[in-house]
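Undergrad: My structure is stored as model.txt, with compact mmCIF, C-alpha atoms.
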# COMPACT_ATOMS: atom_id res chain seq x y z
CA MET A 1 -184.97 6.28 139.31
CA ALA A 2 -186.34 9.74 139.85
CA ALA A 3 -187.24 11.77 136.82
CA SER A 4 -184.90 14.57 135.84
CA ARG A 5 -186.30 18.07 135.71
CA THR A 6 -183.06 19.86 134.96
CA PRO A 7 -182.96 21.66 131.59
CA SER A 8 -180.25 20.44 129.25
CA ARG A 9 -177.43 22.67 127.99
CA SER A 10 -179.19 22.94 124.65
CA GLY A 11 -182.15 24.64 126.32
CA ALA A 12 -184.53 21.71 125.83
CA LYS A 13 -187.60 21.54 128.05
CA PRO A 14 -187.36 19.43 131.21
CA THR A 15 -188.34 15.80 130.75
CA LYS A 16 -190.58 13.72 132.98
CA ILE A 17 -189.31 10.27 132.11
CA PRO A 18 -186.29 8.85 133.95
CA GLN A 19 -182.88 9.88 132.65
CA VAL A 20 -180.32 7.07 132.46
CA SER A 21 -176.56 7.31 131.95
CA TRP A 22 -175.26 5.86 128.69
CA ARG A 23 -172.60 4.09 130.77
CA GLU A 24 -175.24 2.23 132.81
CA PRO A 25 -178.08 1.52 130.38
CA HIS A 26 -180.96 -0.78 131.16
CA PRO A 27 -184.07 -1.80 129.24
CA ALA A 28 -187.56 -0.35 129.41
CA PRO A 29 -190.58 -0.75 127.12
CA ILE A 30 -189.35 2.31 125.18
CA VAL A 31 -185.75 3.57 125.29
CA LEU A 32 -185.05 6.95 123.70
CA VAL A 33 -181.36 7.36 122.90
CA SER A 34 -181.03 11.06 122.10
CA GLY A 35 -178.23 13.40 121.13
CA PRO A 36 -175.48 13.59 118.51
CA GLU A 37 -172.61 11.68 120.15
CA GLU A 38 -172.55 8.39 118.28
CA VAL A 39 -169.89 6.73 120.45
CA CYS A 40 -172.04 7.11 123.54
CA ALA A 41 -175.22 6.15 121.67
CA GLU A 42 -173.64 2.96 120.32
CA ARG A 43 -172.48 2.03 123.82
CA ALA A 44 -175.96 2.64 125.23
CA ILE A 45 -177.73 0.60 122.57
CA ALA A 46 -175.25 -2.26 122.87
CA GLY A 47 -175.61 -2.12 126.65
CA VAL A 48 -179.38 -2.54 126.49
CA ARG A 49 -178.96 -5.48 124.10
CA ASP A 50 -176.38 -7.17 126.34
CA TYR A 51 -178.59 -6.64 129.40
CA LEU A 52 -181.54 -8.32 127.69
CA ARG A 53 -179.43 -11.11 126.23
CA ALA A 54 -177.97 -11.88 129.65
CA GLU A 55 -181.53 -12.29 130.94
CA ASP A 56 -182.53 -14.53 128.02
CA PRO A 57 -180.11 -15.72 125.31
CA ALA A 58 -183.11 -16.36 123.03
CA LEU A 59 -183.58 -12.60 122.58
CA GLU A 60 -184.83 -11.70 119.09
CA VAL A 61 -183.15 -8.56 117.73
CA SER A 62 -184.61 -6.62 114.79
CA ASP A 63 -183.57 -3.36 113.11
CA VAL A 64 -185.91 -0.80 111.57
CA ARG A 65 -185.20 2.42 109.68
CA ALA A 66 -187.64 5.15 110.62
CA ASP A 67 -186.87 7.07 107.42
CA ASP A 68 -187.70 4.07 105.21
CA TYR A 69 -190.47 2.59 107.26
CA ALA A 70 -192.80 -0.17 106.09
CA PRO A 71 -196.25 0.36 107.66
CA GLY A 72 -197.07 -2.27 110.24
CA ALA A 73 -193.45 -3.28 110.86
CA LEU A 74 -193.27 -1.99 114.44
CA LEU A 75 -196.32 -3.91 115.64
CA SER A 76 -195.27 -7.03 113.73
CA LEU A 77 -191.76 -7.10 115.22
CA THR A 78 -192.87 -6.41 118.79
CA SER A 79 -195.75 -8.90 118.86
CA PRO A 80 -195.14 -12.13 120.82
CA SER A 81 -193.88 -15.07 118.83
CA LEU A 82 -195.07 -18.65 119.18
CA PHE A 83 -192.53 -19.42 121.93
CA GLY A 84 -192.73 -16.01 123.62
CA GLU A 85 -189.07 -15.00 123.28
CA PRO A 86 -188.21 -11.43 124.36
CA ARG A 87 -187.90 -8.96 121.49
CA LEU A 88 -185.61 -5.99 120.95
CA VAL A 89 -186.39 -3.59 118.10
CA ARG A 90 -183.73 -0.99 117.30
CA VAL A 91 -185.08 1.96 115.34
CA SER A 92 -182.55 4.25 113.65
CA GLY A 93 -183.03 7.59 111.89
CA VAL A 94 -185.92 8.84 114.05
CA GLU A 95 -184.78 12.42 113.36
CA LYS A 96 -185.84 11.88 109.72
CA CYS A 97 -188.74 9.48 110.26
CA SER A 98 -191.68 9.09 107.90
CA ASP A 99 -195.21 10.18 108.74
CA ALA A 100 -196.27 6.53 108.84
CA PHE A 101 -193.68 5.76 111.49
CA ILE A 102 -194.68 8.74 113.65
CA GLN A 103 -198.31 7.70 113.54
CA GLU A 104 -197.65 4.08 114.43
CA ALA A 105 -194.99 4.85 117.06
CA VAL A 106 -197.24 7.32 118.89
CA SER A 107 -200.01 4.71 118.84
CA TYR A 108 -197.57 2.08 120.13
CA LEU A 109 -196.69 4.26 123.13
CA GLY A 110 -200.25 3.86 124.36
CA ASN A 111 -200.08 0.07 124.20
CA PRO A 112 -196.50 -1.28 124.30
CA GLN A 113 -196.17 -5.03 123.84
CA GLU A 114 -195.23 -7.16 126.83
CA GLY A 115 -191.75 -8.63 126.52
CA ALA A 116 -190.68 -6.10 123.89
CA THR A 117 -188.09 -3.35 124.14
CA VAL A 118 -188.05 -0.62 121.48
CA ILE A 119 -184.99 1.62 121.17
CA LEU A 120 -185.56 4.91 119.33
CA ARG A 121 -182.35 6.58 118.13
CA HIS A 122 -182.77 10.33 117.56
CA THR A 123 -179.61 12.37 116.91
CA GLY A 124 -181.30 15.71 117.50
CA ALA A 125 -180.21 16.84 114.03
CA SER A 126 -183.76 18.01 113.28
CA VAL A 127 -187.12 18.57 114.97
CA ARG A 128 -188.63 15.77 112.91
CA GLY A 129 -190.50 13.37 115.17
CA LYS A 130 -191.20 16.05 117.79
CA LYS A 131 -194.74 14.77 118.32
CA LEU A 132 -193.35 11.35 119.14
CA LEU A 133 -190.61 12.70 121.42
CA ASP A 134 -193.03 14.95 123.29
CA ALA A 135 -195.41 12.03 123.84
CA LEU A 136 -192.60 9.82 125.09
CA ARG A 137 -191.09 12.46 127.36
CA THR A 138 -194.39 13.08 129.12
CA GLY A 139 -194.21 9.54 130.42
CA THR A 140 -196.40 7.75 127.87
CA GLY A 141 -195.34 4.15 127.34
CA GLY A 142 -193.17 3.76 130.45
CA GLY A 143 -190.02 4.86 128.67
CA ILE A 144 -186.60 6.12 129.69
CA GLU A 145 -184.20 8.52 127.98
CA ILE A 146 -180.47 8.05 127.53
CA ALA A 147 -178.96 11.38 126.56
CA CYS A 148 -175.76 11.44 124.49
CA PRO A 149 -174.83 15.13 124.18
CA ALA A 150 -171.91 16.21 122.02
CA VAL A 151 -168.50 15.96 123.65
CA LYS A 152 -166.76 19.15 122.54
CA ARG A 153 -164.89 20.77 125.42
CA ASP A 154 -161.50 19.56 126.64
CA SER A 155 -162.95 18.98 130.10
CA ASP A 156 -165.71 16.81 128.60
CA ARG A 157 -163.14 14.70 126.73
CA VAL A 158 -161.11 14.30 129.91
CA ASP A 159 -164.25 13.20 131.76
CA PHE A 160 -165.07 10.76 128.97
CA ALA A 161 -161.62 9.16 128.97
CA ALA A 162 -161.43 9.06 132.76
CA GLY A 163 -164.79 7.31 132.77
CA GLU A 164 -163.47 4.66 130.38
CA PHE A 165 -160.67 3.74 132.77
CA ARG A 166 -162.86 4.04 135.86
CA ALA A 167 -165.42 1.67 134.35
CA ALA A 168 -162.62 -0.82 133.67
CA LYS A 169 -161.24 -0.34 137.22
CA LYS A 170 -157.97 0.74 135.67
CA ARG A 171 -155.77 3.53 137.06
CA ILE A 172 -154.21 6.10 134.75
CA ALA A 173 -151.87 8.89 135.84
CA PRO A 174 -153.29 12.43 135.40
CA ALA A 175 -150.44 13.40 133.05
CA ALA A 176 -151.04 10.24 131.01
CA LEU A 177 -154.76 11.01 130.82
CA ARG A 178 -154.08 14.53 129.58
CA ALA A 179 -151.57 13.30 126.99
CA LEU A 180 -154.01 10.69 125.72
CA VAL A 181 -156.88 13.18 125.43
CA SER A 182 -154.60 15.66 123.67
CA ALA A 183 -153.56 12.99 121.18
CA PHE A 184 -157.16 12.44 120.07
CA ALA A 185 -158.64 15.89 120.58
CA ASP A 186 -160.55 15.84 117.31
CA ASP A 187 -162.05 12.34 117.26
CA LEU A 188 -163.96 10.83 120.18
CA THR A 189 -164.26 7.49 118.40
CA GLU A 190 -160.47 7.22 118.16
CA LEU A 191 -160.11 8.37 121.77
CA ALA A 192 -162.51 5.65 122.91
CA ALA A 193 -160.62 3.04 120.89
CA ALA A 194 -157.29 4.21 122.32
CA CYS A 195 -158.64 3.95 125.87
CA GLN A 196 -159.86 0.41 125.21
CA GLN A 197 -156.53 -0.56 123.65
CA LEU A 198 -154.61 0.61 126.72
CA ILE A 199 -157.10 -1.08 129.03
CA GLY A 200 -156.73 -4.36 127.14
CA ASP A 201 -152.97 -4.27 126.50
CA VAL A 202 -151.43 -2.80 129.64
CA ASP A 203 -151.07 -4.70 132.89
CA GLY A 204 -151.16 -2.48 135.94
CA ASP A 205 -151.34 1.31 136.05
CA ILE A 206 -150.99 3.43 132.91
CA SER A 207 -148.23 6.03 133.01
CA GLU A 208 -147.39 8.96 130.77
CA GLU A 209 -144.47 6.95 129.39
CA ILE A 210 -146.83 4.18 128.28
CA VAL A 211 -149.13 6.66 126.52
CA THR A 212 -146.13 8.24 124.79
CA LYS A 213 -144.92 4.78 123.71
CA TYR A 214 -148.28 3.97 122.15
CA TYR A 215 -149.30 7.36 120.75
CA GLY A 216 -146.21 9.58 120.83
CA GLY A 217 -146.40 10.06 117.07
CA ARG A 218 -149.69 11.92 117.31
CA VAL A 219 -149.36 15.65 116.53
CA GLU A 220 -151.20 16.80 119.62
CA VAL A 221 -148.99 14.76 121.96
CA SER A 222 -145.91 16.23 120.31
CA ALA A 223 -147.28 19.72 120.86
CA PHE A 224 -147.70 19.17 124.59
CA VAL A 225 -144.29 17.50 124.85
CA VAL A 226 -142.74 20.64 123.35
CA ALA A 227 -144.76 22.87 125.68
CA ASP A 228 -143.92 20.83 128.78
CA THR A 229 -140.22 20.80 127.96
CA ALA A 230 -140.04 24.53 127.23
CA ILE A 231 -142.01 25.50 130.33
CA ALA A 232 -139.68 23.32 132.41
CA GLY A 233 -136.79 25.47 131.13
CA ARG A 234 -135.03 22.75 129.12
CA TYR A 235 -134.20 24.94 126.14
CA GLY A 236 -132.12 22.55 124.04
CA GLU A 237 -134.56 19.67 124.51
CA ALA A 238 -137.46 21.96 123.67
CA LEU A 239 -135.93 22.99 120.34
CA VAL A 240 -135.18 19.36 119.47
CA ALA A 241 -138.73 18.35 120.38
CA LEU A 242 -140.11 21.24 118.31
CA ARG A 243 -138.12 20.26 115.23
CA HIS A 244 -139.11 16.61 115.64
CA ALA A 245 -142.78 17.57 115.92
CA LEU A 246 -142.60 19.76 112.82
CA SER A 247 -140.80 17.07 110.82
CA SER A 248 -143.57 14.65 111.83
CA GLY A 249 -146.17 16.94 110.30
CA ALA A 250 -147.25 19.02 113.30
CA ASP A 251 -149.28 22.12 112.43
CA PRO A 252 -147.92 25.36 113.98
CA VAL A 253 -151.42 26.55 114.95
CA PRO A 254 -152.28 23.72 117.39
CA MET A 255 -148.66 23.83 118.56
CA VAL A 256 -149.15 27.41 119.76
CA ALA A 257 -152.57 26.46 121.14
CA ALA A 258 -150.92 23.84 123.37
CA PHE A 259 -148.61 26.48 124.83
CA ALA A 260 -151.47 28.92 125.29
CA MET A 261 -153.60 26.34 127.11
CA LYS A 262 -150.85 25.53 129.60
CA LEU A 263 -149.88 29.15 130.20
CA ARG A 264 -153.50 30.21 130.75
CA THR A 265 -153.91 27.51 133.37
CA MET A 266 -150.67 28.54 135.06
CA ALA A 267 -151.80 32.18 135.14
CA ARG A 268 -155.14 31.26 136.71
CA VAL A 269 -153.45 29.23 139.44
CA ALA A 270 -150.43 31.46 140.10
CA GLY A 271 -150.28 33.05 143.55
CA ASN A 272 -153.31 31.21 144.89
CA ARG A 273 -152.81 29.16 148.05
CA GLU A 274 -156.25 27.54 148.23
CA PRO A 275 -156.35 23.74 148.51
CA SER A 276 -156.30 22.10 145.08
CA ARG A 277 -159.81 20.68 145.33
CA GLN A 278 -161.33 23.97 146.46
CA LEU A 279 -159.49 26.02 143.84
CA ALA A 280 -160.36 23.54 141.10
CA GLN A 281 -164.06 23.74 141.95
CA ARG A 282 -163.98 27.54 141.96
CA LEU A 283 -162.17 27.75 138.64
CA GLY A 284 -164.11 24.96 136.96
CA MET A 285 -161.01 22.79 136.63
CA LYS A 286 -159.91 19.32 137.71
CA ASP A 287 -157.78 18.75 140.81
CA TRP A 288 -154.95 17.31 138.73
CA GLN A 289 -154.96 20.36 136.46
CA VAL A 290 -154.35 22.61 139.45
CA ASP A 291 -151.62 20.32 140.78
CA ARG A 292 -149.92 20.15 137.38
CA ALA A 293 -150.06 23.93 136.93
CA ARG A 294 -148.49 24.42 140.35
CA ARG A 295 -145.64 22.10 139.42
CA ASP A 296 -145.22 23.93 136.10
CA LEU A 297 -144.98 27.25 137.96
CA ALA A 298 -141.76 26.26 139.73
CA GLY A 299 -139.15 28.89 138.86
CA TRP A 300 -141.66 31.27 137.28
CA ASN A 301 -142.65 34.72 138.51
CA GLU A 302 -145.16 37.35 137.46
CA ARG A 303 -142.72 39.01 135.04
CA SER A 304 -141.59 35.85 133.25
CA LEU A 305 -145.12 34.46 133.04
CA GLY A 306 -146.40 37.70 131.52
CA MET A 307 -143.55 37.70 129.02
CA ALA A 308 -144.31 34.10 128.04
CA ILE A 309 -147.99 34.88 127.51
CA GLN A 310 -147.10 37.88 125.33
CA ALA A 311 -144.67 35.76 123.28
CA THR A 312 -147.36 33.13 122.77
CA ALA A 313 -149.95 35.71 121.72
CA ARG A 314 -147.49 37.14 119.20
CA ALA A 315 -146.70 33.69 117.82
CA ASP A 316 -150.40 32.90 117.55
CA GLY A 317 -150.93 35.84 115.22
CA GLU A 318 -147.81 35.07 113.22
CA VAL A 319 -148.59 31.39 112.57
CA LYS A 320 -152.07 32.39 111.46
CA GLY A 321 -150.74 34.59 108.67
CA ALA A 322 -149.26 37.72 110.24
CA ALA A 323 -145.70 36.61 109.41
CA ARG A 324 -144.06 34.88 106.46
CA ASP A 325 -142.08 32.36 108.52
CA PRO A 326 -144.23 30.47 111.07
CA ILE A 327 -141.30 28.18 111.97
CA PHE A 328 -139.21 31.14 113.08
CA ALA A 329 -142.18 32.41 115.07
CA LEU A 330 -142.41 29.08 116.89
CA GLU A 331 -138.68 28.96 117.60
CA ARG A 332 -138.75 32.51 118.99
CA MET A 333 -141.71 31.63 121.23
CA VAL A 334 -139.97 28.50 122.52
CA THR A 335 -136.78 30.46 123.15
CA VAL A 336 -138.55 33.14 125.20
CA ILE A 337 -140.48 30.57 127.25
CA ALA A 338 -137.63 28.12 127.82
CA THR A 339 -135.03 30.79 128.72
CA ARG A 340 -137.54 33.13 130.38
CA GLN A 341 -135.73 36.00 128.74
CA PRO A 342 -136.69 38.39 125.92
CA PHE A 343 -135.66 37.06 122.51
CA GLY A 344 -132.03 37.81 121.62
CA GLU A 345 -130.78 38.41 125.16
So that I can check it, write out the structure of this file as structure tokens.
TA:
Amino acid sequence: MAASRTPSRSGAKPTKIPQVSWREPHPAPIVLVSGPEEVCAERAIAGVRDYLRAEDPALEVSDVRADDYAPGALLSLTSPSLFGEPRLVRVSGVEKCSDAFIQEAVSYLGNPQEGATVILRHTGASVRGKKLLDALRTGTGGGIEIACPAVKRDSDRVDFAAGEFRAAKKRIAPAALRALVSAFADDLTELAAACQQLIGDVDGDISEEIVTKYYGGRVEVSAFVVADTAIAGRYGEALVALRHALSSGADPVPMVAAFAMKLRTMARVAGNREPSRQLAQRLGMKDWQVDRARRDLAGWNERSLGMAIQATARADGEVKGAARDPIFALERMVTVIATRQPFGE
């Protein structure tokens, strides 16, 4: 694999060692698993272990804490045993490693043991261990790096979930994917678990109805159900859905955010006749997002869309403290959007 020389989003210097996807990990004498996203890091580390164990079930696995390091442990655990079994040493907490570990690990890079794989887990939470990381990234020790950057943006979460189903060769409808990601917007670990549950439980393709059946009680799903229903012009259903969401504990702030997200996407797509793929690339969106926005725009015009955006902006301020009754603010917003008329008319 060719070495990556593209700077990361965090502004880190280009690396010289090969960069490997956490979804397709493989062993090397030294494997640096870097970045804060624990879900991806755990998958990468487990993947390296499974790869080695498939090659030789006699694999010896040892764990070391770099922040509570016993001098000599690294060399002892990587040295060949009497029967020559392969060895895997997983080192955690490299971002808070001791001076003794840095010294021995840097020395080890110059003379890695045959048959041994050492995984260094560094979350990036500090610059501790920089000497070791710099030595490794210059190519010393024949290592590779598996980057696990934070998954923060909605588009990153969609990519993550889509990758889960793609890796399992499982099809999921775009609307179902969006609903699932919305349901677990604040916890990637739960999102990953939900993806695996659907992959394991559901035969055939995964539809929006299936996602709603499994996770319809989640606040974020309820918010998008309300938004979808109101934007479709189904006023009575939208009010019922709103009241159900609120009685289930939905917070008015993310409720308004769901409306705002959909309306912003609709506004960006409105009036544009470019092919979905081309428009999505230009706007930094997914093809399915463009297609969904175009379906949502049926029956809307420039005037009604502008009025809906204004109503949502007003509700946003009111649910964040500008008004005494956030529930009334939500109902007024839903009324304007679902009827496409000013409130009270």
Undergrad: Excluding Ala179 (chain A) and its own-chain neighbours fewer than 2 positions away, which residues fall within 9 Å of it when counting all atoms listed in the file? Please give them as a VMD selection string.
TA: chain A and resid 174 to 177 181 to 184 208 211 to 212 215 to 216 220 to 221 224 to 225
Undergrad: For the point (-149.9, 21.1, 119.0) in the file's frame, write as a PyMOL selection string all residues with an atom no more than 10 Å away, counting all atoms listed in the file.
TA: chain A and resi 182-183+218-227+242+245-246+250-259
Undergrad: Quick one: everything within 12 Å of region 280-283 of chain A, counting all atoms listed in the file, minus sequence neighbours fewer than 2 positions away in the same chain. Send it as a PyMOL selection string.
TA: chain A and resi 264-265+267-269+272-278+285-294
Undergrad: Please identify all polymer residues within 12 Å of Gly200 (chain A), counting all atoms listed in the file, omitting same-chain residues fewer than 3 positions from it, and present them as a PyMOL selection string.
TA: chain A and resi 164-165+168-170+193-197+203-206
Undergrad: Report, in Å to a single decimal, how far apart CA of Ala135 (chain A) and CA of Gly110 (chain A) are.
TA: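 Straight-line distance from CA of Gly110 (chain A) to CA of Ala135 (chain A) works out to 9.5 Å.
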Undergrad: Nearest to Asp316 (chain A) among A:Met266, A:Ile144, A:Ile172, A:Met333, with distances taken over all atoms listed in the file: which residue is it?
TA: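 Counting all atoms listed in the file, the residue closest to Asp316 (chain A) is A:Met333.
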Undergrad: Have a look at CA of Leu59 (chain A) and CA of Glu85 (chain A) and let me know their distance in Å, one decimal.
TA: 6.0 Å
Undergrad: Might you pull out every residue within 8 Å of region 69-77 of chain A, with all atoms listed in the file counted and same-chain residues fewer than 6 positions away left off, and present them as number ranges by chain?
TA: A: 62, 87, 89, 97-98, 100-101, 104-105, 108
